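Chemist: Next comes the structure file work27.pdb, holding PDB, C-alpha atoms.
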```
ATOM      1  CA  MET A 242      -4.992   8.382  -0.058  1.00  0.00           C
ATOM      2  CA  ASN A 243      -3.422   7.921  -3.482  1.00  0.00           C
ATOM      3  CA  THR A 244      -2.894   4.295  -4.560  1.00  0.00           C
ATOM      4  CA  LEU A 245       0.864   4.790  -5.046  1.00  0.00           C
ATOM      5  CA  LEU A 246       1.274   6.425  -1.620  1.00  0.00           C
ATOM      6  CA  ARG A 247      -0.696   3.611  -0.001  1.00  0.00           C
ATOM      7  CA  GLU A 248       1.553   1.034  -1.670  1.00  0.00           C
ATOM      8  CA  ILE A 249       4.648   2.924  -0.513  1.00  0.00           C
ATOM      9  CA  GLU A 250       3.312   2.930   3.043  1.00  0.00           C
ATOM     10  CA  LEU A 251       2.561  -0.812   2.917  1.00  0.00           C
ATOM     11  CA  ARG A 252       6.037  -1.558   1.578  1.00  0.00           C
ATOM     12  CA  PHE A 253       7.688   0.620   4.237  1.00  0.00           C
ATOM     13  CA  ASP A 254       5.757  -1.334   6.861  1.00  0.00           C
ATOM     14  CA  ALA A 255       6.756  -4.702   5.369  1.00  0.00           C
ATOM     15  CA  LEU A 256      10.433  -3.755   5.014  1.00  0.00           C
ATOM     16  CA  PHE A 257      10.786  -2.243   8.465  1.00  0.00           C
ATOM     17  CA  ALA A 258       8.817  -5.074  10.124  1.00  0.00           C
ATOM     18  CA  GLN A 259      11.236  -7.645   8.662  1.00  0.00           C
ATOM     19  CA  LEU A 260      14.221  -5.697   9.942  1.00  0.00           C
ATOM     20  CA  ALA A 261      12.659  -5.027  13.345  1.00  0.00           C
ATOM     21  CA  ASP A 262      12.018  -8.771  13.708  1.00  0.00           C
ATOM     22  CA  GLY A 263      15.726  -9.447  13.103  1.00  0.00           C
ATOM     23  CA  PHE A 264      15.412 -10.717   9.549  1.00  0.00           C
ATOM     24  CA  ASP A 265      17.332  -9.512   6.532  1.00  0.00           C
ATOM     25  CA  ALA A 266      15.535  -7.699   3.734  1.00  0.00           C
ATOM     26  CA  PRO A 267      16.477  -8.526   0.160  1.00  0.00           C
ATOM     27  CA  PRO A 268      18.137  -5.593  -1.641  1.00  0.00           C
ATOM     28  CA  ALA A 269      15.567  -5.880  -4.435  1.00  0.00           C
ATOM     29  CA  GLN A 270      12.780  -5.135  -1.946  1.00  0.00           C
ATOM     30  CA  ARG A 271      14.474  -1.907  -0.854  1.00  0.00           C
ATOM     31  CA  LEU A 272      15.454  -0.912  -4.395  1.00  0.00           C
ATOM     32  CA  ARG A 273      11.913  -1.357  -5.728  1.00  0.00           C
ATOM     33  CA  LEU A 274      10.586   0.795  -2.905  1.00  0.00           C
ATOM     34  CA  GLU A 275      13.178   3.467  -3.649  1.00  0.00           C
ATOM     35  CA  GLY A 276      11.972   3.410  -7.268  1.00  0.00           C
ATOM     36  CA  LEU A 277       8.400   3.975  -6.106  1.00  0.00           C
ATOM     37  CA  LEU A 278       9.584   6.943  -4.030  1.00  0.00           C
ATOM     38  CA  GLU A 279      11.219   8.475  -7.108  1.00  0.00           C
ATOM     39  CA  ALA A 280       8.104   7.820  -9.185  1.00  0.00           C
ATOM     40  CA  ALA A 281       5.900   9.549  -6.611  1.00  0.00           C
ATOM     41  CA  VAL A 282       8.089  12.658  -6.797  1.00  0.00           C
ATOM     42  CA  LEU A 283       8.321  12.606 -10.607  1.00  0.00           C
ATOM     43  CA  LEU A 284       4.548  12.277 -10.910  1.00  0.00           C
ATOM     44  CA  GLU A 285       4.149  15.083  -8.351  1.00  0.00           C
ATOM     45  CA  ILE A 286       2.102  12.848  -6.067  1.00  0.00           C
ATOM     46  CA  ALA A 287       4.309  13.737  -3.099  1.00  0.00           C
ATOM     47  CA  SER A 288       7.384  15.816  -2.373  1.00  0.00           C
ATOM     48  CA  GLN A 289      10.674  14.456  -1.063  1.00  0.00           C
ATOM     49  CA  ALA A 290       9.907  16.104   2.273  1.00  0.00           C
ATOM     50  CA  GLU A 291       6.486  14.434   2.489  1.00  0.00           C
ATOM     51  CA  LEU A 292       7.989  11.051   1.692  1.00  0.00           C
ATOM     52  CA  ALA A 293      10.765  11.573   4.261  1.00  0.00           C
ATOM     53  CA  THR A 294       8.057  12.290   6.833  1.00  0.00           C
ATOM     54  CA  LEU A 295       6.184   9.134   5.843  1.00  0.00           C
ATOM     55  CA  LEU A 296       9.414   7.108   6.051  1.00  0.00           C
ATOM     56  CA  THR A 297      10.106   8.494   9.520  1.00  0.00           C
ATOM     57  CA  GLU A 298       6.563   7.721  10.715  1.00  0.00           C
ATOM     58  CA  ARG A 299       6.688   4.132   9.465  1.00  0.00           C
ATOM     59  CA  TYR A 300      10.231   3.642  10.825  1.00  0.00           C
ATOM     60  CA  CYS A 301       9.121   4.872  14.250  1.00  0.00           C
ATOM     61  CA  ALA A 302       6.094   2.560  14.157  1.00  0.00           C
ATOM     62  CA  ALA A 303       8.309  -0.467  13.480  1.00  0.00           C
ATOM     63  CA  PHE A 304      11.317   0.294  15.686  1.00  0.00           C
ATOM     64  CA  CYS A 305       9.812   2.575  18.401  1.00  0.00           C
ATOM     65  CA  ARG A 306      12.568   5.080  17.652  1.00  0.00           C
ATOM     66  CA  SER A 307      13.362   7.451  14.817  1.00  0.00           C
ATOM     67  CA  PRO A 308      15.981   7.179  12.087  1.00  0.00           C
ATOM     68  CA  ALA A 309      17.686  10.149  13.763  1.00  0.00           C
ATOM     69  CA  GLU A 310      18.054   8.137  16.975  1.00  0.00           C
ATOM     70  CA  ASP A 311      19.670   5.257  15.058  1.00  0.00           C
ATOM     71  CA  PHE A 312      21.768   7.153  12.513  1.00  0.00           C
ATOM     72  CA  GLY A 313      22.178  10.663  13.959  1.00  0.00           C
ATOM     73  CA  THR A 314      20.377  13.926  13.345  1.00  0.00           C
ATOM     74  CA  HIS A 315      21.830  14.227   9.860  1.00  0.00           C
ATOM     75  CA  TRP A 316      20.746  10.743   8.797  1.00  0.00           C
ATOM     76  CA  GLN A 317      19.430  12.083   5.498  1.00  0.00           C
ATOM     77  CA  ARG A 318      23.015  12.958   4.520  1.00  0.00           C
ATOM     78  CA  LEU A 319      23.950   9.298   4.987  1.00  0.00           C
ATOM     79  CA  PHE A 320      20.859   8.203   3.074  1.00  0.00           C
ATOM     80  CA  PRO A 321      20.051  10.915   0.501  1.00  0.00           C
ATOM     81  CA  PHE A 322      16.668  10.635  -1.179  1.00  0.00           C
ATOM     82  CA  PRO A 323      15.484   8.081  -2.239  1.00  0.00           C
ATOM     83  CA  GLN A 324      17.770   5.835  -0.164  1.00  0.00           C
ATOM     84  CA  ILE A 325      16.085   4.047   2.709  1.00  0.00           C
ATOM     85  CA  PRO A 326      17.891   3.406   6.012  1.00  0.00           C
ATOM     86  CA  ALA A 327      17.356  -0.345   6.000  1.00  0.00           C
ATOM     87  CA  MET A 328      19.980  -2.091   8.084  1.00  0.00           C
ATOM     88  CA  GLN A 329      19.826  -5.576   9.491  1.00  0.00           C
ATOM     89  CA  GLN A 330      20.699  -5.922  13.161  1.00  0.00           C
ATOM     90  CA  ARG A 331      24.260  -7.031  13.806  1.00  0.00           C
ATOM     91  CA  ALA A 332      24.615 -10.763  14.194  1.00  0.00           C
ATOM     92  CA  PRO A 333      25.894 -11.954  17.565  1.00  0.00           C
ATOM     93  CA  VAL A 334      29.485 -13.129  17.368  1.00  0.00           C
ATOM     94  CA  VAL A 335      30.444 -16.199  19.356  1.00  0.00           C
ATOM     95  CA  PRO A 336      34.171 -16.954  19.609  1.00  0.00           C
ATOM     96  CA  SER A 337      35.088 -20.322  18.133  1.00  0.00           C
ATOM     97  CA  THR A 338      38.317 -20.619  20.134  1.00  0.00           C
ATOM     98  CA  SER A 339      39.192 -20.051  23.734  1.00  0.00           C
ATOM     99  CA  ASP A 340      41.205 -17.096  24.968  1.00  0.00           C
ATOM    100  CA  ASP A 341      43.812 -19.535  26.344  1.00  0.00           C
ATOM    101  CA  LEU A 342      45.708 -19.828  23.068  1.00  0.00           C
TER     102      LEU A 342
END
```
I'd like the structure from this file rewritten - as C-alpha coordinates, please.

Modeler:
Amino acid sequence: MNTLLREIELRFDALFAQLADGFDAPPAQRLRLEGLLEAAVLLEIASQAELATLLTERYCAAFCRSPAEDFGTHWQRLFPFPQIPAMQQRAPVVPSTSDDL
(Lines of atoms letter the chains of each structure in order from A and count residues from 1; the text may use other names and numbers.)
(Lines give C-alpha, C1' and ligand atoms only; values in the text may rest on other atoms or scores of the structure.)
Protein backbone atom coordinates (compact mmCIF):
# COMPACT_ATOMS: atom_id res chain seq x y z
CA MET A 1 0.00 0.00 0.00
CA ASN A 2 1.18 3.52 -0.78
CA THR A 3 2.58 5.47 2.19
CA LEU A 4 0.05 8.30 1.77
CA LEU A 5 -2.90 5.89 1.58
CA ARG A 6 -1.66 4.07 4.68
CA GLU A 7 -1.43 7.37 6.56
CA ILE A 8 -4.94 8.31 5.43
CA GLU A 9 -6.23 4.97 6.69
CA LEU A 10 -4.48 5.40 10.06
CA ARG A 11 -5.89 8.91 10.44
CA PHE A 12 -9.41 7.75 9.53
CA ASP A 13 -9.09 5.08 12.22
CA ALA A 14 -7.85 7.57 14.82
CA LEU A 15 -10.53 10.16 14.03
CA PHE A 16 -13.42 7.71 13.96
CA ALA A 17 -12.20 5.88 17.09
CA GLN A 18 -12.23 9.16 19.05
CA LEU A 19 -15.76 9.91 17.91
CA ALA A 20 -16.99 6.36 18.49
CA ASP A 21 -15.63 6.55 22.05
CA GLY A 22 -17.69 9.70 22.66
CA PHE A 23 -14.84 12.19 22.47
CA ASP A 24 -14.67 15.29 20.32
CA ALA A 25 -12.18 15.50 17.48
CA PRO A 26 -10.34 18.78 16.95
CA PRO A 27 -11.28 20.47 13.66
CA ALA A 28 -7.60 20.64 12.71
CA GLN A 29 -7.40 16.83 12.81
CA ARG A 30 -10.28 16.52 10.34
CA LEU A 31 -9.05 19.37 8.13
CA ARG A 32 -5.54 17.91 7.83
CA LEU A 33 -7.03 14.57 6.84
CA GLU A 34 -9.22 16.25 4.24
CA GLY A 35 -6.06 17.88 2.85
CA LEU A 36 -4.41 14.47 2.56
CA LEU A 37 -7.47 13.19 0.67
CA GLU A 38 -7.16 16.06 -1.81
CA ALA A 39 -3.43 15.45 -2.17
CA ALA A 40 -4.00 11.76 -2.92
CA VAL A 41 -6.39 12.69 -5.74
CA LEU A 42 -4.14 15.45 -7.12
CA LEU A 43 -1.15 13.10 -7.15
CA GLU A 44 -3.33 10.43 -8.80
CA ILE A 45 -2.63 7.98 -5.99
CA ALA A 46 -6.35 7.30 -5.56
CA SER A 47 -9.64 8.46 -7.02
CA GLN A 48 -12.40 10.19 -5.08
CA ALA A 49 -14.45 7.01 -5.38
CA GLU A 50 -11.64 4.87 -3.96
CA LEU A 51 -11.19 7.24 -1.05
CA ALA A 52 -14.95 7.32 -0.40
CA THR A 53 -14.85 3.52 -0.24
CA LEU A 54 -11.93 3.62 2.19
CA LEU A 55 -13.76 6.21 4.33
CA THR A 56 -16.86 4.01 4.40
CA GLU A 57 -14.85 0.91 5.36
CA ARG A 58 -13.06 2.69 8.21
CA TYR A 59 -16.30 4.35 9.38
CA CYS A 60 -18.04 0.97 9.48
CA ALA A 61 -15.12 -0.54 11.40
CA ALA A 62 -15.35 2.17 14.07
CA PHE A 63 -19.12 2.60 14.38
CA CYS A 64 -20.45 -0.82 13.21
CA ARG A 65 -22.71 1.02 10.77
CA SER A 66 -22.21 2.94 7.56
CA PRO A 67 -22.28 6.68 6.93
CA ALA A 68 -25.45 6.04 4.92
CA GLU A 69 -27.13 4.59 8.01
CA ASP A 70 -26.20 7.69 10.04
CA PHE A 71 -26.67 10.43 7.45
CA GLY A 72 -28.94 8.92 4.78
CA THR A 73 -28.26 7.32 1.43
CA HIS A 74 -27.19 10.62 -0.09
CA TRP A 75 -24.69 11.40 2.67
CA GLN A 76 -22.07 12.40 0.10
CA ARG A 77 -24.28 15.36 -0.87
CA LEU A 78 -24.13 16.55 2.75
CA PHE A 79 -20.39 15.95 2.85
CA PRO A 80 -19.01 16.50 -0.67
CA PHE A 81 -15.45 15.34 -1.25
CA PRO A 82 -13.16 15.83 0.64
CA GLN A 83 -15.42 16.54 3.64
CA ILE A 84 -15.48 13.84 6.28
CA PRO A 85 -18.66 13.01 8.23
CA ALA A 86 -17.14 13.52 11.65
CA MET A 87 -19.80 14.35 14.21
CA GLN A 88 -19.52 14.10 17.95
CA GLN A 89 -22.35 12.31 19.71
CA ARG A 90 -24.96 14.61 21.19
CA ALA A 91 -24.33 15.47 24.80
CA PRO A 92 -27.01 14.35 27.25
CA VAL A 93 -29.09 17.27 28.47
CA VAL A 94 -30.10 17.31 32.12
CA PRO A 95 -32.69 19.91 33.13
CA SER A 96 -31.39 22.34 35.73
CA THR A 97 -34.87 23.30 36.95
CA SER A 98 -37.94 21.34 37.84
CA ASP A 99 -41.05 21.22 35.69
CA ASP A 100 -43.04 22.67 38.62
CA LEU A 101 -42.24 26.28 37.76

Chemist: For each of A:Thr338, A:Thr297, A:Gln289, A:Gln324, take the minimum atom-to-atom distance to Glu250 (chain A), counting all atoms listed in the file, then give the residue where this is smallest.

Modeler: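 The closest residue to Glu250 (chain A) is A:Thr297.
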
Chemist: If the box runs along x, y and z of the file and leaves 5 Å on each side of region 271-276 of chain A, what are its centre and edge lengths in Å, one decimal, as lines of an AutoDock Vina configuration file?

Modeler:
```
center_x = 13.0
center_y = 0.8
center_z = -4.1
size_x = 14.9
size_y = 15.4
size_z = 16.4
```

Chemist: Could you check how far CA of Leu283 (chain A) sits from CA of Glu248 (chain A), in Å to one decimal?

Modeler: 16.1 Å

Chemist: Here is a test: counting all atoms listed in the file, which residue of A:Gln259, A:Ser337, A:Gln270, A:Ser288 is nearest to Tyr300 (chain A)?

Modeler: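 Smallest distance to Tyr300 (chain A) is found for A:Gln259.
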
Chemist: From the set A:Leu296, A:Phe253, A:Arg247, A:Trp316, which residue has the shortest atom-to-atom contact distance to Leu274 (chain A), counting all atoms listed in the file?

Modeler: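 Smallest distance to Leu274 (chain A) is found for A:Phe253.
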
Chemist: Exactly which residues make up the result of the PyMOL selection byres ((chain A and resi 271) around 12) on this file, given as a ChimeraX atom specification?

Modeler: /A:249,252-257,259-260,265-270,272-278,323-328

Chemist: Report the distance between CA of Leu295 (chain A) and CA of Gln317 (chain A) in Å, rounded to one decimal place.

Modeler: 13.6 Å

Chemist: Calculated over all atoms listed in the file, which of the candidates A:Asp262, A:Gly313, A:Ala302, A:Phe322 has the smallest distance to Ala290 (chain A)?

Modeler: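 The answer is A:Phe322, which sits nearest to Ala290 (chain A).
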
Chemist: Find the residues around Cys301 (chain A) up to 12 Å (all atoms listed in the file counted), leave out those fewer than 2 positions away in its own chain, and share them as JSON, numbers by chain.

Modeler: {"A": [253, 254, 257, 258, 261, 294, 295, 296, 297, 298, 299, 303, 304, 305, 306, 307, 308, 309, 310, 311]}

Chemist: Mind giving me the straight-line distance from CA of Arg318 (chain A) to CA of Val282 (chain A) in Å, one decimal?

Modeler: 18.7 Å

Chemist: Using all atoms listed in the file, which of A:Pro321, A:Ala287, A:Phe264, A:Glu279 sits nearest Leu246 (chain A)?

Modeler: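 Selected residue with least distance to Leu246 (chain A): A:Ala287.
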